[in-house]
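Reading through the structure tokens given below for one structure.
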Amino acid sequence: MNRHLNKLIIAVFIGTLVTAVGCKKFLNQTPITEVGADKAFADVPSAYKTLIGVYSRLVGDAGYGIRLSLYYPVDNDEMQGPTGNPDNDRRDIARYAATSGNAQITNPFNQLFQGIEYANICIDNIPKMNDYATNKQLQRMQGEALTLRAQFYFEAIRNWGDLPAHFAPAYALASANPFPSRVSSDSLYDHLIADLKIAEDLVPWRNDIPSIGDQVDERITKGAVKGLRARIALFRGGFALRQTGGMQRGSNYQSYYQIAKDECNDIINSGQHALNPSFKALWKDQVGAHAVADPQGELIFQASAIGATGAEDTKLGYYNGPRVNGNGNSSVNPLVTYFYLFDSMDKRRDVTIAPYFVGPDGITKISPGTQLATVLNDGKYRRDWTSNPAMAPTNAVQYLGLKWQILRYADVLLMFAEAENELNGPTAAAYNAINMVRRRGYGKPVSTVDPTVDIPAGLTKAEFFKYLVRERALELGGEGIRKYDLIRWNLLSTAIIESRNNLNKMAIATAMIAPTYMAPPPSYALTSALPVAMLFKSNSTADDATLFANSFYFPAPSGTPAGTTRLTWIALPTSTAPRNSIGTTAADRYATGYVTGKGELLPIPQPARDANINLGQNPGY
């Protein structure tokens, strides 16, 4: 959504949707205006405003503004959540210790179902409009509503598993079945996959938008529909925690991989989307700069933000990322084991991981703490990269208007490679897709074969999959994807156990062991001779590894040269303190409550269960 579109969110907010069908009690919202369906869907502009109210449920504090994006996807083998004692709040969620009474799971659960309900209202009413059969703009809106409903449901399913089926407005469901029971996630996924097949025939490609009379903006286009359908198909074909206990996948899973492959292949062959040549420019100059134009179309599906409030904005760059002049939380921390998964020449490392804070001038970098390896920041959403408009470093604003990226073209290429490998082994097409992503990561031309960065030829299907598991971590780190990937592959338990073991090894200057579930890190990272300290340069304005006077891959010099500050890195440099804060805070707080067969899902919020006597609880809670 561009700025013009965002303004409409404030103009209509939720009131039109709530009152369009007279179900205020169900939605628990106070309407701003009192209008009926005849007004809300009177014409194209009215329907458009109503649809924007559906889009608005993607963001805000209870959506991808912070909780769905930054609270829920950690701890995984890339990122972990905030420091501090257990709190029955955000820390417990990150550590897999949430209870059904945790205050941070109720509102997101409710908002997702609000989004589903608002989409249902549009889906029910738009086709009833007089000129729907011939009006491409209305047909597009119908496809958008179907896609938004699928996204809300998908997010709810991957966090809570089986859920009630709400595929009609509340007024049509309440009288027939006021207390619906949960149905299987497989059934829900099948419904969403079928919906998205309808939606992709209603929504145009991004380059065809002007031909139907719409302006080019950030609304959903056919690439987003197809990409979401591919993603949901992979989850439908993957493992899931079942209510009967244990991780299981359906016997017909390959048919869903075929859907994913076909959809991704359509996007690739469409010529509508491509990779931005620069990974850093994608995040700094595109996302960070609030750019509206996206020449390559890599940012396929975004959750926009507006208003500088908890209703429809995001705290991206405030809750996470480097602090600026002391402002911010820096509450998403990359693991040092993840840092060393990157090759030293991989440009994605210094975009995904930011080892600094920013001083009072908003430019000069300062140390984030003496125990550097435990206070690394995720870097894709940075306040110091935020511009257009830029903010004074003294401004304590928490809402920066950054858009959460739901789907990028790089993910489409990697999903294609995964599905193709699962169905046919590591074909040339699968290699090409993954290698295009890798080449961009190293700053190479994406379409030119490059043996220095391409993954090895001649891999088996199992070996190729391990490279795919690693590449998705390198490319998509900090984007709220990894934990759910590990769950659908049934690798979350393995990843947590091995990451914790390696964190503890590194804390006593012992070489970490190559992961068993993915391709290994560079061989030069698997050593006990990594530096025990890093020398942070004074008065530097760099935003990458050039902030340091020594290498991350060789033993550090014994002295502290002028103009640098010595920061602990892998282990304390004294024999009297064999464990540093990697062991005593990072590893010891990492996923501490995780239990296999429980931690793959969040508990159903107790208020939702109190309201619906047939809403059962998830295993282990």
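Note on naming: chains are A, B, ... as they come in the structure tokens, residues start from 1 per chain, ligands start from 1 in the order shown.
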- Message: List as a PyMOL selection string the protein and nucleic acid residues near Ile232 in chain A, meaning an atom at most 12 Å away when only C-alpha atoms are counted, but skip any in the same chain fewer than 6 places from it.
- Response: chain A and resi 147+150-155+157-158+185-186+188-197+225-226+238+256-257+259-261+263+415+484-485+488
Rows by chain and residue number, range 261-365 of chain A within 10 Å of range 511-532 of chain A, shortest pair, only C-alpha atoms, as a tab-separated table:
residue	atom	partner	partner_atom	distance
A:Thr337	CA	A:Met512	CA	8.1
A:Tyr338	CA	A:Pro521	CA	9.0
A:Phe339	CA	A:Pro521	CA	9.6
A:Tyr340	CA	A:Ala525	CA	6.0
A:Leu341	CA	A:Pro521	CA	4.4
A:Phe342	CA	A:Pro521	CA	6.6
A:Asp343	CA	A:Pro522	CA	5.9
A:Ser344	CA	A:Pro522	CA	8.3
Could you write those residues out with N, CA and C atoms, as a PDB file, in the first residue's frame?
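Done, and the output landed in selection26.pdb:
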ATOM      1  N   THR A 337      26.273 -18.627  16.808  1.00  0.00           N
ATOM      2  CA  THR A 337      26.373 -19.794  15.934  1.00  0.00           C
ATOM      3  C   THR A 337      25.786 -19.489  14.558  1.00  0.00           C
ATOM      4  N   TYR A 338      24.755 -18.675  14.513  1.00  0.00           N
ATOM      5  CA  TYR A 338      24.178 -18.249  13.237  1.00  0.00           C
ATOM      6  C   TYR A 338      25.135 -17.315  12.513  1.00  0.00           C
ATOM      7  N   PHE A 339      25.796 -16.428  13.243  1.00  0.00           N
ATOM      8  CA  PHE A 339      26.794 -15.538  12.649  1.00  0.00           C
ATOM      9  C   PHE A 339      27.812 -16.349  11.856  1.00  0.00           C
ATOM     10  N   TYR A 340      28.256 -17.458  12.438  1.00  0.00           N
ATOM     11  CA  TYR A 340      29.299 -18.252  11.788  1.00  0.00           C
ATOM     12  C   TYR A 340      28.744 -19.242  10.764  1.00  0.00           C
ATOM     13  N   LEU A 341      27.468 -19.234  10.549  1.00  0.00           N
ATOM     14  CA  LEU A 341      26.917 -20.013   9.444  1.00  0.00           C
ATOM     15  C   LEU A 341      27.222 -19.326   8.111  1.00  0.00           C
ATOM     16  N   PHE A 342      27.401 -18.008   8.147  1.00  0.00           N
ATOM     17  CA  PHE A 342      27.692 -17.242   6.943  1.00  0.00           C
ATOM     18  C   PHE A 342      29.161 -17.392   6.546  1.00  0.00           C
ATOM     19  N   ASP A 343      29.405 -17.469   5.269  1.00  0.00           N
ATOM     20  CA  ASP A 343      30.749 -17.332   4.733  1.00  0.00           C
ATOM     21  C   ASP A 343      31.226 -15.899   4.969  1.00  0.00           C
ATOM     22  N   SER A 344      32.513 -15.717   5.133  1.00  0.00           N
ATOM     23  CA  SER A 344      33.041 -14.380   5.397  1.00  0.00           C
ATOM     24  C   SER A 344      32.794 -13.417   4.245  1.00  0.00           C
TER      25      SER A 344
END
- Task: Pick out the residues sitting within 12 Å of Glu218 in chain A, and hand them over as an MDAnalysis selection string; count only C-alpha atoms, and ignore anything fewer than 2 positions along from it in its own chain.
- Result: chainID A and resid 1:6 52 55 144 206 209 214:216 220:221 223:224 290:294 297:305 403 405
- Within range 88-194 of chain A, find each residue whose DSSP state, derived from the backbone, is helix (DSSP H, G or I), and express the selection as a PyMOL selection string. chain A and resi 90-94+103-128+136-160+170-173+185-194
For the selection you just gave me, I'd like the residues written to a file as a compact mmCIF listing (two decimals), in the first residue's frame, keeping C-alpha atoms.
# COMPACT_ATOMS: atom_id res chain seq x y z
CA ARG A 90 7.08 -11.78 25.66
CA ARG A 91 10.15 -13.51 27.18
CA ASP A 92 8.17 -16.63 28.01
CA ILE A 93 6.80 -16.76 24.46
CA ALA A 94 10.32 -16.65 23.01
CA ALA A 103 -1.21 -11.52 27.95
CA GLN A 104 0.58 -11.42 24.60
CA ILE A 105 -1.28 -14.24 22.87
CA THR A 106 -4.92 -13.17 23.32
CA ASN A 107 -4.94 -9.97 21.25
CA PRO A 108 -3.06 -11.42 18.25
CA PHE A 109 -5.39 -14.44 18.27
CA ASN A 110 -8.39 -12.11 18.32
CA GLN A 111 -7.01 -9.79 15.65
CA LEU A 112 -6.36 -12.64 13.25
CA PHE A 113 -9.96 -13.73 13.61
CA GLN A 114 -11.09 -10.14 13.22
CA GLY A 115 -9.21 -10.10 9.94
CA ILE A 116 -10.89 -13.33 8.92
CA GLU A 117 -14.31 -11.90 9.78
CA TYR A 118 -13.70 -8.64 7.94
CA ALA A 119 -12.54 -10.57 4.89
CA ASN A 120 -15.63 -12.80 5.14
CA ILE A 121 -17.85 -9.71 5.02
CA CYS A 122 -16.16 -8.57 1.81
CA ILE A 123 -16.20 -12.04 0.27
CA ASP A 124 -19.92 -12.31 0.99
CA ASN A 125 -20.91 -8.87 -0.29
CA ILE A 126 -18.63 -7.93 -3.18
CA PRO A 127 -19.99 -10.57 -5.61
CA LYS A 128 -23.52 -9.30 -4.91
CA LYS A 136 -12.29 -6.10 -13.00
CA GLN A 137 -11.67 -3.81 -10.05
CA LEU A 138 -14.37 -5.51 -7.97
CA GLN A 139 -13.15 -8.92 -9.05
CA ARG A 140 -9.66 -7.97 -7.94
CA MET A 141 -11.02 -6.89 -4.54
CA GLN A 142 -12.74 -10.25 -4.17
CA GLY A 143 -9.46 -12.00 -4.90
CA GLU A 144 -7.67 -9.75 -2.41
CA ALA A 145 -10.21 -10.53 0.29
CA LEU A 146 -9.79 -14.26 -0.32
CA THR A 147 -6.01 -13.86 -0.13
CA LEU A 148 -6.09 -11.79 3.03
CA ARG A 149 -8.36 -14.34 4.70
CA ALA A 150 -5.90 -17.05 3.70
CA GLN A 151 -2.99 -15.09 5.19
CA PHE A 152 -4.81 -14.48 8.48
CA TYR A 153 -5.81 -18.15 8.71
CA PHE A 154 -2.35 -19.36 7.75
CA GLU A 155 -0.76 -17.28 10.49
CA ALA A 156 -3.28 -18.55 13.02
CA ILE A 157 -2.82 -22.19 12.00
CA ARG A 158 0.97 -22.18 12.13
CA ASN A 159 0.83 -20.77 15.67
CA TRP A 160 -2.20 -22.61 17.11
CA ALA A 170 -20.49 -14.25 11.79
CA TYR A 171 -24.11 -13.37 11.19
CA ALA A 172 -24.42 -16.45 8.96
CA LEU A 173 -22.65 -18.77 11.41
CA SER A 185 -5.37 -27.86 10.04
CA ASP A 186 -5.22 -30.11 6.96
CA SER A 187 -8.88 -29.37 6.26
CA LEU A 188 -8.36 -25.65 6.76
CA TYR A 189 -5.29 -25.62 4.53
CA ASP A 190 -7.18 -27.45 1.79
CA HIS A 191 -9.90 -24.81 1.91
CA LEU A 192 -7.35 -21.99 1.70
CA ILE A 193 -5.52 -23.64 -1.18
CA ALA A 194 -8.82 -23.91 -3.07
- Task: Mind giving me the straight-line distance from CA of Asn135 in chain A to CA of His273 in chain A in Å, one decimal?
- Result: 26.0 Å
- Message: So the first atom is CA of Trp489 in chain A and the second is CA of Ser181 in chain A; what is the distance between them in Å, to one decimal place?
- Response: 27.5 Å
